[in-house]
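Containing PDB, C-alpha atoms, pLDDT in the B column: upload_18.pdb.
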MODEL        1
ATOM      1  CA  MET O   1      93.812-247.411 134.876  1.00 50.00           C
ATOM      2  CA  ARG O   2      94.880-243.915 135.868  1.00 59.00           C
ATOM      3  CA  SER O   3      98.450-243.760 134.664  1.00 65.00           C
ATOM      4  CA  PHE O   4      99.748-242.023 131.596  1.00 63.00           C
ATOM      5  CA  ASP O   5     103.064-242.608 129.906  1.00 69.00           C
ATOM      6  CA  LEU O   6     104.419-239.280 128.697  1.00 64.00           C
ATOM      7  CA  THR O   7     107.792-240.670 127.666  1.00 68.00           C
ATOM      8  CA  PRO O   8     107.238-240.048 123.926  1.00 68.00           C
ATOM      9  CA  LEU O   9     106.604-236.367 124.637  1.00 63.00           C
ATOM     10  CA  PHE O  10     109.801-235.992 126.644  1.00 60.00           C
ATOM     11  CA  ARG O  11     112.082-237.545 124.021  1.00 62.00           C
ATOM     12  CA  SER O  12     112.245-234.357 121.977  1.00 60.00           C
ATOM     13  CA  SER O  13     111.509-231.671 124.574  1.00 58.00           C
ATOM     14  CA  VAL O  14     113.530-230.052 127.302  1.00 59.00           C
ATOM     15  CA  GLY O  15     112.304-228.543 130.553  1.00 60.00           C
ATOM     16  CA  TYR O  16     108.849-230.123 130.689  1.00 58.00           C
ATOM     17  CA  ASP O  17     109.581-232.388 133.641  1.00 62.00           C
ATOM     18  CA  ARG O  18     107.375-230.124 135.766  1.00 64.00           C
ATOM     19  CA  LEU O  19     104.400-231.210 133.650  1.00 65.00           C
ATOM     20  CA  SER O  20     105.083-234.831 134.538  1.00 65.00           C
ATOM     21  CA  ARG O  21     105.264-234.030 138.268  1.00 67.00           C
ATOM     22  CA  LEU O  22     102.055-231.993 138.025  1.00 66.00           C
ATOM     23  CA  MET O  23     100.161-234.866 136.402  1.00 68.00           C
ATOM     24  CA  ASP O  24     101.519-237.361 138.939  1.00 68.00           C
ATOM     25  CA  SER O  25     100.394-235.195 141.847  1.00 64.00           C
ATOM     26  CA  ALA O  26      96.964-234.684 140.267  1.00 62.00           C
ATOM     27  CA  LEU O  27      96.470-238.432 140.005  1.00 63.00           C
ATOM     28  CA  ARG O  28      97.525-239.020 143.619  1.00 66.00           C
ATOM     29  CA  VAL O  29      94.894-236.727 145.113  1.00 60.00           C
ATOM     30  CA  ASP O  30      93.242-237.664 148.386  1.00 58.00           C
ATOM     31  CA  GLU O  31      89.533-236.926 147.852  1.00 58.00           C
ATOM     32  CA  ALA O  32      88.938-236.433 151.591  1.00 54.00           C
ATOM     33  CA  GLN O  33      91.471-233.611 151.713  1.00 57.00           C
ATOM     34  CA  LEU O  34      89.785-231.791 148.837  1.00 63.00           C
ATOM     35  CA  ALA O  35      86.661-231.123 150.886  1.00 74.00           C
ATOM     36  CA  TYR O  36      88.230-228.921 153.581  1.00 84.00           C
ATOM     37  CA  PRO O  37      88.410-225.999 153.528  1.00 90.00           C
ATOM     38  CA  PRO O  38      86.105-225.159 150.628  1.00 92.00           C
ATOM     39  CA  TYR O  39      87.435-222.620 148.130  1.00 94.00           C
ATOM     40  CA  ASN O  40      86.648-220.733 144.927  1.00 94.00           C
ATOM     41  CA  ILE O  41      89.006-219.669 142.160  1.00 94.00           C
ATOM     42  CA  GLU O  42      87.786-216.751 140.101  1.00 94.00           C
ATOM     43  CA  GLN O  43      89.235-214.816 137.209  1.00 93.00           C
ATOM     44  CA  ALA O  44      88.838-211.117 137.963  1.00 91.00           C
ATOM     45  CA  SER O  45      90.311-209.914 134.674  1.00 91.00           C
ATOM     46  CA  GLU O  46      92.479-211.254 131.872  1.00 90.00           C
ATOM     47  CA  ASP O  47      95.601-211.280 134.041  1.00 90.00           C
ATOM     48  CA  SER O  48      94.295-211.335 137.615  1.00 92.00           C
ATOM     49  CA  TYR O  49      92.786-214.093 139.714  1.00 95.00           C
ATOM     50  CA  ARG O  50      91.414-214.513 143.232  1.00 95.00           C
ATOM     51  CA  ILE O  51      91.338-217.584 145.448  1.00 95.00           C
ATOM     52  CA  THR O  52      88.709-217.373 148.201  1.00 96.00           C
ATOM     53  CA  MET O  53      88.827-219.923 151.022  1.00 95.00           C
ATOM     54  CA  ALA O  54      86.213-220.381 153.761  1.00 93.00           C
ATOM     55  CA  VAL O  55      88.291-220.457 156.949  1.00 93.00           C
ATOM     56  CA  ALA O  56      85.679-219.727 159.612  1.00 88.00           C
ATOM     57  CA  GLY O  57      87.125-219.650 163.108  1.00 87.00           C
ATOM     58  CA  PHE O  58      90.723-218.975 162.036  1.00 91.00           C
ATOM     59  CA  THR O  59      92.542-215.730 162.817  1.00 92.00           C
ATOM     60  CA  GLU O  60      95.291-214.104 160.749  1.00 93.00           C
ATOM     61  CA  ALA O  61      97.873-215.447 163.203  1.00 93.00           C
ATOM     62  CA  GLU O  62      96.683-219.031 162.677  1.00 94.00           C
ATOM     63  CA  LEU O  63      96.934-218.890 158.861  1.00 96.00           C
ATOM     64  CA  THR O  64     100.124-219.114 156.801  1.00 96.00           C
ATOM     65  CA  ILE O  65     100.451-218.372 153.088  1.00 96.00           C
ATOM     66  CA  THR O  66     103.668-219.395 151.353  1.00 95.00           C
ATOM     67  CA  ALA O  67     104.480-218.817 147.684  1.00 92.00           C
ATOM     68  CA  GLN O  68     107.534-220.604 146.363  1.00 89.00           C
ATOM     69  CA  GLU O  69     108.388-221.047 142.701  1.00 83.00           C
ATOM     70  CA  ASN O  70     105.175-222.284 141.052  1.00 86.00           C
ATOM     71  CA  GLN O  71     103.369-223.401 144.167  1.00 90.00           C
ATOM     72  CA  LEU O  72     101.110-221.630 146.649  1.00 94.00           C
ATOM     73  CA  VAL O  73     100.621-223.295 150.029  1.00 94.00           C
ATOM     74  CA  VAL O  74      97.892-222.129 152.406  1.00 96.00           C
ATOM     75  CA  SER O  75      97.877-223.736 155.832  1.00 95.00           C
ATOM     76  CA  GLY O  76      95.953-223.199 159.004  1.00 94.00           C
ATOM     77  CA  LYS O  77      96.695-224.437 162.474  1.00 93.00           C
ATOM     78  CA  PRO O  78      94.240-223.480 165.209  1.00 89.00           C
ATOM     79  CA  THR O  79      95.651-222.594 168.600  1.00 85.00           C
ATOM     80  CA  LYS O  80      94.606-224.794 171.477  1.00 79.00           C
ATOM     81  CA  SER O  81      92.080-223.229 173.795  1.00 73.00           C
ATOM     82  CA  ASP O  82      92.641-223.662 177.538  1.00 63.00           C
ATOM     83  CA  GLU O  83      88.890-223.708 178.140  1.00 73.00           C
ATOM     84  CA  ALA O  84      87.185-227.078 178.240  1.00 79.00           C
ATOM     85  CA  LYS O  85      84.007-226.714 176.207  1.00 80.00           C
ATOM     86  CA  THR O  86      81.081-229.059 176.019  1.00 85.00           C
ATOM     87  CA  TYR O  87      79.488-229.096 172.567  1.00 83.00           C
ATOM     88  CA  LEU O  88      75.952-230.302 171.937  1.00 88.00           C
ATOM     89  CA  HIS O  89      76.659-230.091 168.202  1.00 88.00           C
ATOM     90  CA  ARG O  90      79.978-229.274 166.569  1.00 82.00           C
ATOM     91  CA  GLY O  91      79.499-228.421 162.887  1.00 81.00           C
ATOM     92  CA  ILE O  92      82.289-225.879 162.411  1.00 77.00           C
ATOM     93  CA  ALA O  93      85.467-227.708 161.503  1.00 73.00           C
ATOM     94  CA  GLY O  94      88.405-226.208 163.312  1.00 77.00           C
ATOM     95  CA  ARG O  95      91.016-228.732 162.287  1.00 86.00           C
ATOM     96  CA  ALA O  96      94.413-228.005 160.815  1.00 90.00           C
ATOM     97  CA  PHE O  97      94.703-227.996 157.045  1.00 92.00           C
ATOM     98  CA  GLU O  98      97.161-227.506 154.225  1.00 93.00           C
ATOM     99  CA  ARG O  99      95.983-226.670 150.711  1.00 92.00           C
ATOM    100  CA  ARG O 100      98.395-226.551 147.755  1.00 91.00           C
ATOM    101  CA  PHE O 101      97.804-224.747 144.474  1.00 91.00           C
ATOM    102  CA  GLU O 102     100.009-225.152 141.415  1.00 88.00           C
ATOM    103  CA  LEU O 103     100.610-221.780 139.776  1.00 90.00           C
ATOM    104  CA  ALA O 104     101.387-221.211 136.129  1.00 87.00           C
ATOM    105  CA  ASP O 105     104.556-219.428 135.079  1.00 85.00           C
ATOM    106  CA  HIS O 106     104.669-215.708 135.849  1.00 87.00           C
ATOM    107  CA  ILE O 107     101.760-215.825 138.357  1.00 90.00           C
ATOM    108  CA  ARG O 108     102.586-213.775 141.450  1.00 91.00           C
ATOM    109  CA  VAL O 109     100.695-213.363 144.740  1.00 94.00           C
ATOM    110  CA  THR O 110      99.841-209.673 145.140  1.00 94.00           C
ATOM    111  CA  GLY O 111      98.002-209.726 148.450  1.00 95.00           C
ATOM    112  CA  ALA O 112      95.779-211.521 150.935  1.00 96.00           C
ATOM    113  CA  GLU O 113      93.050-210.457 153.337  1.00 96.00           C
ATOM    114  CA  LEU O 114      90.787-212.161 155.849  1.00 95.00           C
ATOM    115  CA  VAL O 115      87.238-210.746 155.859  1.00 95.00           C
ATOM    116  CA  ASN O 116      84.223-212.291 157.609  1.00 93.00           C
ATOM    117  CA  GLY O 117      85.759-215.775 157.713  1.00 91.00           C
ATOM    118  CA  LEU O 118      86.827-215.706 154.056  1.00 95.00           C
ATOM    119  CA  LEU O 119      90.494-215.623 153.095  1.00 96.00           C
ATOM    120  CA  HIS O 120      90.993-213.800 149.790  1.00 97.00           C
ATOM    121  CA  ILE O 121      94.307-214.321 147.971  1.00 96.00           C
ATOM    122  CA  ASP O 122      94.905-212.103 144.941  1.00 96.00           C
ATOM    123  CA  LEU O 123      97.106-213.308 142.089  1.00 94.00           C
ATOM    124  CA  LYS O 124      98.372-211.532 138.996  1.00 94.00           C
ATOM    125  CA  ARG O 125     100.061-212.723 135.832  1.00 90.00           C
ATOM    126  CA  GLU O 126     103.142-210.592 135.189  1.00 88.00           C
ATOM    127  CA  VAL O 127     104.842-211.526 131.958  1.00 81.00           C
ATOM    128  CA  PRO O 128     108.404-210.128 131.720  1.00 81.00           C
ATOM    129  CA  GLU O 129     108.990-207.520 129.014  1.00 80.00           C
ATOM    130  CA  ALA O 130     111.420-209.835 127.243  1.00 79.00           C
ATOM    131  CA  MET O 131     108.656-212.427 126.766  1.00 75.00           C
ATOM    132  CA  LYS O 132     105.914-210.059 125.601  1.00 75.00           C
ATOM    133  CA  PRO O 133     105.227-209.844 121.887  1.00 82.00           C
ATOM    134  CA  ARG O 134     106.925-206.902 120.233  1.00 81.00           C
ATOM    135  CA  THR O 135     106.649-205.325 116.833  1.00 84.00           C
ATOM    136  CA  ILE O 136     109.758-205.244 114.703  1.00 83.00           C
ATOM    137  CA  SER O 137     110.012-202.199 112.480  1.00 84.00           C
ATOM    138  CA  ILE O 138     110.837-202.761 108.852  1.00 85.00           C
ATOM    139  CA  SER O 139     113.137-200.269 107.217  1.00 82.00           C
ATOM    140  CA  ALA O 140     113.198-199.634 103.492  1.00 81.00           C
ATOM    141  CA  GLY O 141     116.671-200.647 102.479  1.00 72.00           C
ATOM    142  CA  GLN O 142     118.566-198.394 100.111  1.00 68.00           C
ATOM    143  CA  LYS O 143     120.609-199.998  97.425  1.00 65.00           C
ATOM    144  CA  ALA O 144     124.272-199.360  97.813  1.00 61.00           C
ATOM    145  CA  GLN O 145     125.562-196.992  95.137  1.00 65.00           C
ATOM    146  CA  PRO O 146     128.532-198.340  93.238  1.00 64.00           C
ATOM    147  CA  GLN O 147     131.669-196.504  94.100  1.00 65.00           C
ATOM    148  CA  VAL O 148     133.224-194.751  91.146  1.00 66.00           C
ATOM    149  CA  ILE O 149     136.944-194.253  91.197  1.00 67.00           C
ATOM    150  CA  GLU O 150     138.138-191.627  88.813  1.00 71.00           C
ATOM    151  CA  ASN O 151     141.523-192.042  87.303  1.00 66.00           C
ATOM    152  CA  LYS O 152     142.967-188.812  86.119  1.00 65.00           C
ATOM    153  CA  ALA O 153     145.785-189.290  83.732  1.00 62.00           C
ATOM    154  CA  ALA O 154     148.445-186.678  83.770  1.00 56.00           C
TER     155      ALA O 154
ENDMDL
END
Now, as a test, write the supplied structure out as structure tokens.
Amino acid sequence: MRSFDLTPLFRSSVGYDRLSRLMDSALRVDEAQLAYPPYNIEQASEDSYRITMAVAGFTEAELTITAQENQLVVSGKPTKSDEAKTYLHRGIAGRAFERRFELADHIRVTGAELVNGLLHIDLKREVPEAMKPRTISISAGQKAQPQVIENKAA
């Protein structure tokens, strides 16, 4: 049994429907698709990350990186070669692929580079100023002085 009922959690919360979709998509994963292309996810610092994908044989023109909302999609589509080649052994996979990564809130793609068959995608967490913790200064309140009204009799 690989299904979870999150209904009790959603009865008293608002805006967590994305969590439900994320769990549904994680449970419907095709294991064969997870093998190609291989990738690493590393944490470079507290707020920066790097995804490295092995995309041997692909050029920059054959790769597409799309970031939309909380999802990063990396796809590769090799161009057809006009040459007819005869392979004695073909171990380098040159097939089309699409890899999706779910990004947490406030994660932004800062750059990508293709070096020696490895595609490096740099990510950074950028929390808006309004959401960062801030210190509230405490002022020493002064007691209000009672107002004295003088009545001068003539």
Selected residue of minimal separation from O:Lys80 among O:Val127, O:Ala96, O:Ile65, O:Leu119, counting all atoms listed in the file:
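Nearest candidate to O:Lys80 out of O:Val127, O:Ala96, O:Ile65, O:Leu119: O:Ala96.
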For atom CA of O:Arg108 and atom CA of O:Leu123, the interatomic separation in Å (one decimal):
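A separation of 5.5 Å between them.
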Surrounding residues of O:Ala54 excluding itself and chain neighbours under 5 positions, 9 Å, all atoms listed in the file, as a PDB file with C-alpha atoms, in the frame of the given file:
ATOM      1  CA  TYR O  36      88.230-228.921 153.581  1.00 84.00           C
ATOM      2  CA  PRO O  37      88.410-225.999 153.528  1.00 90.00           C
ATOM      3  CA  PRO O  38      86.105-225.159 150.628  1.00 92.00           C
ATOM      4  CA  TYR O  39      87.435-222.620 148.130  1.00 94.00           C
ATOM      5  CA  ASN O  40      86.648-220.733 144.927  1.00 94.00           C
ATOM      6  CA  GLY O 117      85.759-215.775 157.713  1.00 91.00           C
ATOM      7  CA  LEU O 118      86.827-215.706 154.056  1.00 95.00           C
ATOM      8  CA  LEU O 119      90.494-215.623 153.095  1.00 96.00           C
TER       9      LEU O 119
END
Which one of O:Ala112, O:Ala130, O:Ile107, O:Ile136 sits closest to O:Ile51 if you count all atoms listed in the file?
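Ranked by minimum distance to O:Ile51, first place goes to O:Ala112.
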Distance in Å - atom CA of O:Ser75 versus atom CA of O:Arg100:
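If I compute the distance from atom CA of O:Ser75 to atom CA of O:Arg100, I get 8.6 Å.
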Expected selection from the PyMOL selection byres ((chain O and resi 110) around 6), given as a list of chain:residue names
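Applying the PyMOL selection byres ((chain O and resi 110) around 6) to the structure shown produces O:Val109, O:Gly111, O:Asp122, O:Leu123.
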On this file, the PyMOL selection byres ((chain O and resi 67) around 10) gives some set of residues; write that set as an mmCIF file with C-alpha atoms, in the frame of the given file.
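See selection.cif below for the written result:
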data_model
loop_
_atom_site.group_PDB
_atom_site.id
_atom_site.type_symbol
_atom_site.label_atom_id
_atom_site.label_comp_id
_atom_site.auth_asym_id
_atom_site.auth_seq_id
_atom_site.Cartn_x
_atom_site.Cartn_y
_atom_site.Cartn_z
ATOM 1 C CA ILE O 65 100.451 -218.372 153.088
ATOM 2 C CA THR O 66 103.668 -219.395 151.353
ATOM 3 C CA GLN O 68 107.534 -220.604 146.363
ATOM 4 C CA GLU O 69 108.388 -221.047 142.701
ATOM 5 C CA ASN O 70 105.175 -222.284 141.052
ATOM 6 C CA GLN O 71 103.369 -223.401 144.167
ATOM 7 C CA LEU O 72 101.110 -221.630 146.649
ATOM 8 C CA VAL O 73 100.621 -223.295 150.029
ATOM 9 C CA VAL O 74 97.892 -222.129 152.406
ATOM 10 C CA ARG O 100 98.395 -226.551 147.755
ATOM 11 C CA PHE O 101 97.804 -224.747 144.474
ATOM 12 C CA GLU O 102 100.009 -225.152 141.415
ATOM 13 C CA LEU O 103 100.610 -221.780 139.776
ATOM 14 C CA ARG O 108 102.586 -213.775 141.450
ATOM 15 C CA VAL O 109 100.695 -213.363 144.740
#
Take every atom of stretch 117-132 of chain O listed in the file, fit an axis-aligned box around them, add 5 Å per side, and give the centre and edge lengths in Å to one decimal as lines of an AutoDock Vina configuration file.
center_x = 98.6
center_y = -211.6
center_z = 141.7
size_x = 35.7
size_y = 18.3
size_z = 42.1
Report, in Å with one decimal, the straight-line distance from atom CA of O:Thr135 to atom CA of O:Ala104.
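Computing the Euclidean distance for atom CA of O:Thr135 and atom CA of O:Ala104 yields 25.5 Å.
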Counting only C-alpha atoms, the option among O:Ile92, O:Tyr87, O:Ser48, O:Pro78 closest to O:Glu126
O:Ser48
Can you take the partial stretch 81-112 of chain O, add N, CA and C atoms, and return it as a PDB file, keeping the file's coordinate frame?
ATOM      1  N   SER O  81      92.756-224.043 172.793  1.00 73.00           N
ATOM      2  CA  SER O  81      92.080-223.229 173.795  1.00 73.00           C
ATOM      3  C   SER O  81      92.213-223.908 175.156  1.00 73.00           C
ATOM      4  N   ASP O  82      92.498-223.111 176.194  1.00 63.00           N
ATOM      5  CA  ASP O  82      92.641-223.662 177.538  1.00 63.00           C
ATOM      6  C   ASP O  82      91.286-224.038 178.137  1.00 63.00           C
ATOM      7  N   GLU O  83      90.220-223.447 177.607  1.00 73.00           N
ATOM      8  CA  GLU O  83      88.890-223.708 178.140  1.00 73.00           C
ATOM      9  C   GLU O  83      88.403-225.080 177.680  1.00 73.00           C
ATOM     10  N   ALA O  84      87.810-225.809 178.602  1.00 79.00           N
ATOM     11  CA  ALA O  84      87.185-227.078 178.240  1.00 79.00           C
ATOM     12  C   ALA O  84      85.734-226.771 177.902  1.00 79.00           C
ATOM     13  N   LYS O  85      85.359-227.027 176.651  1.00 80.00           N
ATOM     14  CA  LYS O  85      84.007-226.714 176.207  1.00 80.00           C
ATOM     15  C   LYS O  85      83.238-228.006 175.983  1.00 80.00           C
ATOM     16  N   THR O  86      81.966-227.938 176.272  1.00 85.00           N
ATOM     17  CA  THR O  86      81.081-229.059 176.019  1.00 85.00           C
ATOM     18  C   THR O  86      80.178-228.671 174.865  1.00 85.00           C
ATOM     19  N   TYR O  87      80.283-229.389 173.752  1.00 83.00           N
ATOM     20  CA  TYR O  87      79.488-229.096 172.567  1.00 83.00           C
ATOM     21  C   TYR O  87      78.288-230.026 172.507  1.00 83.00           C
ATOM     22  N   LEU O  88      77.123-229.480 172.212  1.00 88.00           N
ATOM     23  CA  LEU O  88      75.952-230.302 171.937  1.00 88.00           C
ATOM     24  C   LEU O  88      75.945-230.694 170.471  1.00 88.00           C
ATOM     25  N   HIS O  89      76.466-229.806 169.629  1.00 88.00           N
ATOM     26  CA  HIS O  89      76.659-230.091 168.202  1.00 88.00           C
ATOM     27  C   HIS O  89      77.880-229.306 167.751  1.00 88.00           C
ATOM     28  N   ARG O  90      78.780-229.958 167.059  1.00 82.00           N
ATOM     29  CA  ARG O  90      79.978-229.274 166.569  1.00 82.00           C
ATOM     30  C   ARG O  90      80.013-229.430 165.055  1.00 82.00           C
ATOM     31  N   GLY O  91      79.559-228.385 164.347  1.00 81.00           N
ATOM     32  CA  GLY O  91      79.499-228.421 162.887  1.00 81.00           C
ATOM     33  C   GLY O  91      80.565-227.582 162.228  1.00 81.00           C
ATOM     34  N   ILE O  92      81.233-226.721 162.979  1.00 77.00           N
ATOM     35  CA  ILE O  92      82.289-225.879 162.411  1.00 77.00           C
ATOM     36  C   ILE O  92      83.614-226.612 162.579  1.00 77.00           C
ATOM     37  N   ALA O  93      84.198-226.976 161.459  1.00 73.00           N
ATOM     38  CA  ALA O  93      85.467-227.708 161.503  1.00 73.00           C
ATOM     39  C   ALA O  93      86.584-226.741 161.867  1.00 73.00           C
ATOM     40  N   GLY O  94      87.297-227.048 162.882  1.00 77.00           N
ATOM     41  CA  GLY O  94      88.405-226.208 163.312  1.00 77.00           C
ATOM     42  C   GLY O  94      89.712-226.969 163.274  1.00 77.00           C
ATOM     43  N   ARG O  95      89.820-227.897 162.353  1.00 86.00           N
ATOM     44  CA  ARG O  95      91.016-228.732 162.287  1.00 86.00           C
ATOM     45  C   ARG O  95      92.089-228.077 161.421  1.00 86.00           C
ATOM     46  N   ALA O  96      93.290-228.523 161.602  1.00 90.00           N
ATOM     47  CA  ALA O  96      94.413-228.005 160.815  1.00 90.00           C
ATOM     48  C   ALA O  96      94.266-228.457 159.367  1.00 90.00           C
ATOM     49  N   PHE O  97      94.783-227.655 158.465  1.00 92.00           N
ATOM     50  CA  PHE O  97      94.703-227.996 157.045  1.00 92.00           C
ATOM     51  C   PHE O  97      95.924-227.455 156.327  1.00 92.00           C
ATOM     52  N   GLU O  98      96.144-228.011 155.144  1.00 93.00           N
ATOM     53  CA  GLU O  98      97.161-227.506 154.225  1.00 93.00           C
ATOM     54  C   GLU O  98      96.627-227.705 152.811  1.00 93.00           C
ATOM     55  N   ARG O  99      96.510-226.629 152.080  1.00 92.00           N
ATOM     56  CA  ARG O  99      95.983-226.670 150.711  1.00 92.00           C
ATOM     57  C   ARG O  99      97.074-226.161 149.780  1.00 92.00           C
ATOM     58  N   ARG O 100      97.353-226.925 148.718  1.00 91.00           N
ATOM     59  CA  ARG O 100      98.395-226.551 147.755  1.00 91.00           C
ATOM     60  C   ARG O 100      97.757-226.223 146.411  1.00 91.00           C
ATOM     61  N   PHE O 101      98.248-225.154 145.796  1.00 91.00           N
ATOM     62  CA  PHE O 101      97.804-224.747 144.474  1.00 91.00           C
ATOM     63  C   PHE O 101      99.022-224.650 143.569  1.00 91.00           C
ATOM     64  N   GLU O 102      98.948-225.269 142.407  1.00 88.00           N
ATOM     65  CA  GLU O 102     100.009-225.152 141.415  1.00 88.00           C
ATOM     66  C   GLU O 102      99.752-223.887 140.600  1.00 88.00           C
ATOM     67  N   LEU O 103     100.740-223.032 140.504  1.00 90.00           N
ATOM     68  CA  LEU O 103     100.610-221.780 139.776  1.00 90.00           C
ATOM     69  C   LEU O 103     101.327-221.872 138.440  1.00 90.00           C
ATOM     70  N   ALA O 104     100.749-221.253 137.440  1.00 87.00           N
ATOM     71  CA  ALA O 104     101.387-221.211 136.129  1.00 87.00           C
ATOM     72  C   ALA O 104     102.593-220.273 136.185  1.00 87.00           C
ATOM     73  N   ASP O 105     103.397-220.319 135.148  1.00 85.00           N
ATOM     74  CA  ASP O 105     104.556-219.428 135.079  1.00 85.00           C
ATOM     75  C   ASP O 105     104.105-217.980 135.108  1.00 85.00           C
ATOM     76  N   HIS O 106     104.859-217.151 135.775  1.00 87.00           N
ATOM     77  CA  HIS O 106     104.669-215.708 135.849  1.00 87.00           C
ATOM     78  C   HIS O 106     103.438-215.292 136.650  1.00 87.00           C
ATOM     79  N   ILE O 107     102.857-216.187 137.461  1.00 90.00           N
ATOM     80  CA  ILE O 107     101.760-215.825 138.357  1.00 90.00           C
ATOM     81  C   ILE O 107     102.383-215.457 139.699  1.00 90.00           C
ATOM     82  N   ARG O 108     102.013-214.280 140.207  1.00 91.00           N
ATOM     83  CA  ARG O 108     102.586-213.775 141.450  1.00 91.00           C
ATOM     84  C   ARG O 108     101.463-213.434 142.415  1.00 91.00           C
ATOM     85  N   VAL O 109     101.665-213.718 143.709  1.00 94.00           N
ATOM     86  CA  VAL O 109     100.695-213.363 144.740  1.00 94.00           C
ATOM     87  C   VAL O 109     100.864-211.883 145.034  1.00 94.00           C
ATOM     88  N   THR O 110      99.764-211.123 144.927  1.00 94.00           N
ATOM     89  CA  THR O 110      99.841-209.673 145.140  1.00 94.00           C
ATOM     90  C   THR O 110      99.299-209.250 146.493  1.00 94.00           C
ATOM     91  N   GLY O 111      98.525-210.107 147.144  1.00 95.00           N
ATOM     92  CA  GLY O 111      98.002-209.726 148.450  1.00 95.00           C
ATOM     93  C   GLY O 111      97.043-210.767 148.990  1.00 95.00           C
ATOM     94  N   ALA O 112      96.721-210.621 150.287  1.00 96.00           N
ATOM     95  CA  ALA O 112      95.779-211.521 150.935  1.00 96.00           C
ATOM     96  C   ALA O 112      95.078-210.757 152.044  1.00 96.00           C
TER      97      ALA O 112
END
